[in-house]
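protein-v3.cif follows; it contains mmCIF, C-alpha atoms, pLDDT in the B column; chains and numbers go by the auth columns.
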data_structure
#
loop_
_atom_site.group_PDB
_atom_site.id
_atom_site.type_symbol
_atom_site.label_atom_id
_atom_site.label_comp_id
_atom_site.label_asym_id
_atom_site.label_seq_id
_atom_site.Cartn_x
_atom_site.Cartn_y
_atom_site.Cartn_z
_atom_site.B_iso_or_equiv
_atom_site.auth_seq_id
_atom_site.auth_asym_id
ATOM 1 C CA MET A 1 19.216 1.775 -25.106 42.00 1 V
ATOM 2 C CA GLY A 2 16.851 4.721 -25.643 53.00 2 V
ATOM 3 C CA GLU A 3 13.258 5.183 -24.608 80.00 3 V
ATOM 4 C CA LEU A 4 10.928 2.714 -26.319 85.00 4 V
ATOM 5 C CA GLY A 5 7.773 4.795 -26.138 86.00 5 V
ATOM 6 C CA ASN A 6 4.942 5.632 -23.797 84.00 6 V
ATOM 7 C CA ILE A 7 2.829 3.353 -21.661 85.00 7 V
ATOM 8 C CA ARG A 8 -0.646 4.597 -20.847 89.00 8 V
ATOM 9 C CA ILE A 9 -2.926 2.659 -18.506 93.00 9 V
ATOM 10 C CA SER A 10 -6.623 3.063 -19.261 94.00 10 V
ATOM 11 C CA ASP A 11 -9.021 4.412 -16.655 95.00 11 V
ATOM 12 C CA ASP A 12 -11.036 1.207 -17.058 95.00 12 V
ATOM 13 C CA VAL A 13 -8.034 -0.922 -16.090 96.00 13 V
ATOM 14 C CA VAL A 14 -7.583 1.023 -12.849 97.00 14 V
ATOM 15 C CA LYS A 15 -11.352 0.916 -12.199 96.00 15 V
ATOM 16 C CA THR A 16 -11.413 -2.846 -12.625 96.00 16 V
ATOM 17 C CA ILE A 17 -8.496 -3.384 -10.250 97.00 17 V
ATOM 18 C CA ALA A 18 -10.005 -1.044 -7.635 97.00 18 V
ATOM 19 C CA ALA A 19 -13.498 -2.550 -7.934 96.00 19 V
ATOM 20 C CA LYS A 20 -12.215 -6.111 -7.519 96.00 20 V
ATOM 21 C CA ALA A 21 -10.078 -5.186 -4.514 97.00 21 V
ATOM 22 C CA ALA A 22 -12.889 -3.236 -2.795 97.00 22 V
ATOM 23 C CA SER A 23 -15.473 -5.966 -3.440 96.00 23 V
ATOM 24 C CA ASP A 24 -13.265 -8.550 -1.751 96.00 24 V
ATOM 25 C CA VAL A 25 -13.152 -6.643 1.568 98.00 25 V
ATOM 26 C CA GLU A 26 -15.148 -8.315 4.302 97.00 26 V
ATOM 27 C CA GLY A 27 -18.099 -6.121 5.262 97.00 27 V
ATOM 28 C CA VAL A 28 -18.546 -4.597 1.814 96.00 28 V
ATOM 29 C CA TYR A 29 -22.029 -5.630 0.731 95.00 29 V
ATOM 30 C CA LYS A 30 -21.471 -4.267 -2.767 93.00 30 V
ATOM 31 C CA LEU A 31 -20.201 -1.249 -4.655 95.00 31 V
ATOM 32 C CA ALA A 32 -22.732 1.547 -5.029 92.00 32 V
ATOM 33 C CA GLY A 33 -23.196 2.904 -8.523 78.00 33 V
ATOM 34 C CA GLY A 34 -24.308 6.332 -9.615 61.00 34 V
ATOM 35 C CA MET A 35 -26.796 7.509 -12.249 54.00 35 V
ATOM 36 C CA ALA A 36 -24.823 6.075 -15.196 51.00 36 V
ATOM 37 C CA ASP A 37 -24.745 2.717 -13.449 55.00 37 V
ATOM 38 C CA GLU A 38 -28.521 2.799 -12.922 54.00 38 V
ATOM 39 C CA VAL A 39 -29.051 3.505 -16.636 53.00 39 V
ATOM 40 C CA SER A 40 -26.744 0.581 -17.501 53.00 40 V
ATOM 41 C CA LYS A 41 -28.713 -1.661 -15.150 55.00 41 V
ATOM 42 C CA ILE A 42 -31.991 -0.675 -16.846 59.00 42 V
ATOM 43 C CA LEU A 43 -30.457 -1.454 -20.235 61.00 43 V
ATOM 44 C CA GLY A 44 -29.352 -4.831 -18.908 61.00 44 V
ATOM 45 C CA LYS A 45 -25.635 -4.123 -19.028 55.00 45 V
ATOM 46 C CA LYS A 46 -23.534 -5.287 -16.095 56.00 46 V
ATOM 47 C CA ARG A 47 -20.551 -3.138 -15.282 55.00 47 V
ATOM 48 C CA PRO A 48 -18.070 -4.647 -12.833 61.00 48 V
ATOM 49 C CA THR A 49 -16.641 -1.192 -12.174 74.00 49 V
ATOM 50 C CA ASN A 50 -19.867 0.334 -10.819 84.00 50 V
ATOM 51 C CA GLY A 51 -19.109 2.502 -7.843 93.00 51 V
ATOM 52 C CA VAL A 52 -15.538 3.414 -8.800 96.00 52 V
ATOM 53 C CA LYS A 53 -14.329 6.686 -10.291 96.00 53 V
ATOM 54 C CA VAL A 54 -10.703 7.321 -11.201 96.00 54 V
ATOM 55 C CA GLU A 55 -8.464 10.029 -12.560 96.00 55 V
ATOM 56 C CA VAL A 56 -5.383 8.559 -14.186 95.00 56 V
ATOM 57 C CA GLY A 57 -2.322 10.545 -15.195 92.00 57 V
ATOM 58 C CA GLU A 58 0.948 9.348 -16.655 89.00 58 V
ATOM 59 C CA LYS A 59 2.465 8.258 -13.344 92.00 59 V
ATOM 60 C CA GLU A 60 -0.211 8.695 -10.707 95.00 60 V
ATOM 61 C CA CYS A 61 -3.927 8.347 -10.078 96.00 61 V
ATOM 62 C CA SER A 62 -6.669 9.174 -7.607 97.00 62 V
ATOM 63 C CA ILE A 63 -9.562 6.865 -6.860 97.00 63 V
ATOM 64 C CA GLU A 64 -13.066 7.267 -5.430 97.00 64 V
ATOM 65 C CA VAL A 65 -14.938 4.173 -4.254 97.00 65 V
ATOM 66 C CA PHE A 66 -18.643 4.199 -3.375 97.00 66 V
ATOM 67 C CA ILE A 67 -19.685 1.282 -1.178 96.00 67 V
ATOM 68 C CA ILE A 68 -22.604 -0.194 0.697 96.00 68 V
ATOM 69 C CA VAL A 69 -21.557 -1.729 4.024 97.00 69 V
ATOM 70 C CA GLU A 70 -23.147 -4.853 5.400 97.00 70 V
ATOM 71 C CA TYR A 71 -24.962 -4.274 8.688 96.00 71 V
ATOM 72 C CA GLY A 72 -22.984 -5.385 11.738 95.00 72 V
ATOM 73 C CA TYR A 73 -19.554 -4.282 10.529 97.00 73 V
ATOM 74 C CA LEU A 74 -17.813 -1.185 11.843 98.00 74 V
ATOM 75 C CA ILE A 75 -18.175 1.304 9.009 97.00 75 V
ATOM 76 C CA SER A 76 -14.909 3.116 9.673 97.00 76 V
ATOM 77 C CA GLU A 77 -12.941 -0.153 9.752 98.00 77 V
ATOM 78 C CA VAL A 78 -14.481 -1.386 6.500 98.00 78 V
ATOM 79 C CA ALA A 79 -13.772 1.965 4.817 98.00 79 V
ATOM 80 C CA HIS A 80 -10.138 2.005 6.020 98.00 80 V
ATOM 81 C CA GLU A 81 -9.648 -1.569 4.826 98.00 81 V
ATOM 82 C CA VAL A 82 -11.057 -0.638 1.412 98.00 82 V
ATOM 83 C CA GLN A 83 -8.581 2.256 1.247 98.00 83 V
ATOM 84 C CA LYS A 84 -5.657 -0.025 2.102 98.00 84 V
ATOM 85 C CA VAL A 85 -6.474 -2.870 -0.273 98.00 85 V
ATOM 86 C CA VAL A 86 -7.353 -0.604 -3.195 98.00 86 V
ATOM 87 C CA LEU A 87 -4.132 1.391 -2.751 98.00 87 V
ATOM 88 C CA LYS A 88 -2.062 -1.787 -2.574 98.00 88 V
ATOM 89 C CA ALA A 89 -3.734 -3.536 -5.513 98.00 89 V
ATOM 90 C CA VAL A 90 -3.629 -0.558 -7.873 98.00 90 V
ATOM 91 C CA SER A 91 -0.052 0.339 -6.936 97.00 91 V
ATOM 92 C CA GLU A 92 1.247 -3.207 -7.351 97.00 92 V
ATOM 93 C CA LEU A 93 -0.646 -4.175 -10.482 97.00 93 V
ATOM 94 C CA SER A 94 -0.420 -0.912 -12.433 96.00 94 V
ATOM 95 C CA GLY A 95 2.804 0.613 -11.149 95.00 95 V
ATOM 96 C CA LEU A 96 0.989 3.936 -10.758 96.00 96 V
ATOM 97 C CA LYS A 97 1.443 6.062 -7.655 97.00 97 V
ATOM 98 C CA VAL A 98 -1.933 6.261 -5.914 97.00 98 V
ATOM 99 C CA VAL A 99 -2.294 9.807 -4.623 97.00 99 V
ATOM 100 C CA GLU A 100 -5.555 9.208 -2.743 97.00 100 V
ATOM 101 C CA VAL A 101 -8.321 6.686 -2.221 98.00 101 V
ATOM 102 C CA ASN A 102 -11.556 8.316 -1.099 97.00 102 V
ATOM 103 C CA VAL A 103 -14.257 5.982 0.201 97.00 103 V
ATOM 104 C CA TYR A 104 -17.878 7.074 0.318 97.00 104 V
ATOM 105 C CA VAL A 105 -20.262 4.905 2.319 96.00 105 V
ATOM 106 C CA GLN A 106 -23.625 5.246 0.572 95.00 106 V
ATOM 107 C CA ASP A 107 -25.759 2.874 2.632 95.00 107 V
ATOM 108 C CA VAL A 108 -25.889 0.057 5.170 96.00 108 V
ATOM 109 C CA LYS A 109 -27.547 -3.140 4.004 94.00 109 V
ATOM 110 C CA ILE A 110 -29.215 -5.703 6.227 90.00 110 V
ATOM 111 C CA ARG A 111 -29.086 -9.234 4.782 78.00 111 V
ATOM 112 C CA ALA A 112 -32.790 -9.814 5.544 71.00 112 V
ATOM 113 C CA GLU A 113 -33.655 -6.924 3.186 57.00 113 V
ATOM 114 C CA GLU A 114 -32.020 -8.785 0.306 56.00 114 V
ATOM 115 C CA SER A 115 -34.397 -11.737 0.434 55.00 115 V
ATOM 116 C CA SER A 116 -37.492 -9.523 0.615 55.00 116 V
ATOM 117 C CA GLU A 117 -36.236 -7.430 -2.346 57.00 117 V
ATOM 118 C CA ASN A 118 -35.686 -10.574 -4.407 57.00 118 V
ATOM 119 C CA GLU A 119 -39.222 -11.719 -3.613 53.00 119 V
ATOM 120 C CA ASP A 120 -40.576 -8.312 -4.696 54.00 120 V
ATOM 121 C CA GLU A 121 -38.654 -8.504 -7.989 53.00 121 V
ATOM 122 C CA GLU A 122 -40.044 -11.992 -8.665 53.00 122 V
ATOM 123 C CA LEU A 123 -43.603 -10.739 -8.104 53.00 123 V
ATOM 124 C CA ASP A 124 -43.091 -7.920 -10.638 50.00 124 V
ATOM 125 C CA VAL A 125 -42.216 -10.355 -13.429 44.00 125 V
#
Could you write out this file's structure as structure tokens?
Amino acid sequence: MGELGNIRISDDVVKTIAAKAASDVEGVYKLAGGMADEVSKILGKKRPTNGVKVEVGEKECSIEVFIIVEYGYLISEVAHEVQKVVLKAVSELSGLKVVEVNVYVQDVKIRAEESSENEDEELDV
């Protein structure tokens, strides 16, 4: 039987897989978005792939993940775990060869800060 055609996996599919995998790692407070994500937040749009950038080719991809680590966790261990789980999830679910997973730690978040930020937001309403 001959070739049936091409299969192309969207960048958004890879972003979604990577974002879900990274978010599930213990010690990841949340994914850190860039300027486009801030604009989306202002417009009221939630993007589950905030903090993930990908380059997808026909058979391989590279991934960048921007995270905020929860205070008290070893940053290097959290980052390595994110690399491992993202590589595994994207490889298994998409069939693409993951060339690299770069993790950028943007901030460290203390849980006590969260409650005070929520109180500030409520006062602004």
Name the residues captured by the PyMOL selection byres ((chain V and resi 10) around 12) when it is applied to the shown file; answer as a list in words.
->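 Output of the PyMOL selection byres ((chain V and resi 10) around 12): Ile7, Arg8, Ile9, Asp11, Asp12, Val13, Val14, Lys15, Thr16, Ile17, Val54, Glu55, Val56, Gly57, Glu58, Cys61, Ser94 and Leu96 of chain V.
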In Å, rounded to a single decimal, give me how far atom CA of V:Ile68 is from atom CA of V:Ala32.
-> 6.0 Å
Picked residues, the PyMOL selection byres ((chain V and resi 19-31) around 7), expected as an NGL selection string | :V and (15-18 or 32-33 or 49-52 or 66-70 or 73 or 78 or 81-82 or 85-86 or 89 or 109)
Written selection (C-alpha atoms) as a PDB file, in the frame of the given file:
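Written output follows (out_17.pdb):
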ATOM      1  CA  LYS V  15     -11.352   0.916 -12.199  1.00 96.00           C
ATOM      2  CA  THR V  16     -11.413  -2.846 -12.625  1.00 96.00           C
ATOM      3  CA  ILE V  17      -8.496  -3.384 -10.250  1.00 97.00           C
ATOM      4  CA  ALA V  18     -10.005  -1.044  -7.635  1.00 97.00           C
ATOM      5  CA  ALA V  32     -22.732   1.547  -5.029  1.00 92.00           C
ATOM      6  CA  GLY V  33     -23.196   2.904  -8.523  1.00 78.00           C
ATOM      7  CA  THR V  49     -16.641  -1.192 -12.174  1.00 74.00           C
ATOM      8  CA  ASN V  50     -19.867   0.334 -10.819  1.00 84.00           C
ATOM      9  CA  GLY V  51     -19.109   2.502  -7.843  1.00 93.00           C
ATOM     10  CA  VAL V  52     -15.538   3.414  -8.800  1.00 96.00           C
ATOM     11  CA  PHE V  66     -18.643   4.199  -3.375  1.00 97.00           C
ATOM     12  CA  ILE V  67     -19.685   1.282  -1.178  1.00 96.00           C
ATOM     13  CA  ILE V  68     -22.604  -0.194   0.697  1.00 96.00           C
ATOM     14  CA  VAL V  69     -21.557  -1.729   4.024  1.00 97.00           C
ATOM     15  CA  GLU V  70     -23.147  -4.853   5.400  1.00 97.00           C
ATOM     16  CA  TYR V  73     -19.554  -4.282  10.529  1.00 97.00           C
ATOM     17  CA  VAL V  78     -14.481  -1.386   6.500  1.00 98.00           C
ATOM     18  CA  GLU V  81      -9.648  -1.569   4.826  1.00 98.00           C
ATOM     19  CA  VAL V  82     -11.057  -0.638   1.412  1.00 98.00           C
ATOM     20  CA  VAL V  85      -6.474  -2.870  -0.273  1.00 98.00           C
ATOM     21  CA  VAL V  86      -7.353  -0.604  -3.195  1.00 98.00           C
ATOM     22  CA  ALA V  89      -3.734  -3.536  -5.513  1.00 98.00           C
ATOM     23  CA  LYS V 109     -27.547  -3.140   4.004  1.00 94.00           C
TER      24      LYS V 109
END
Correct to one decimal, the distance atom CA of V:Val65-atom CA of V:Arg111 is 21.5 Å
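Remark: for V:Ile110, the closest of the candidate residues V:Ser62, V:His80, V:Gly72, V:Lys53 is V:Gly72 (distances computed over all atoms listed in the file).
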What is the atom CA of V:Glu77-atom CA of V:Leu93 distance in Å, reported with one decimal?
->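 Result for atom CA of V:Glu77 versus atom CA of V:Leu93: 24.0 Å, one decimal.
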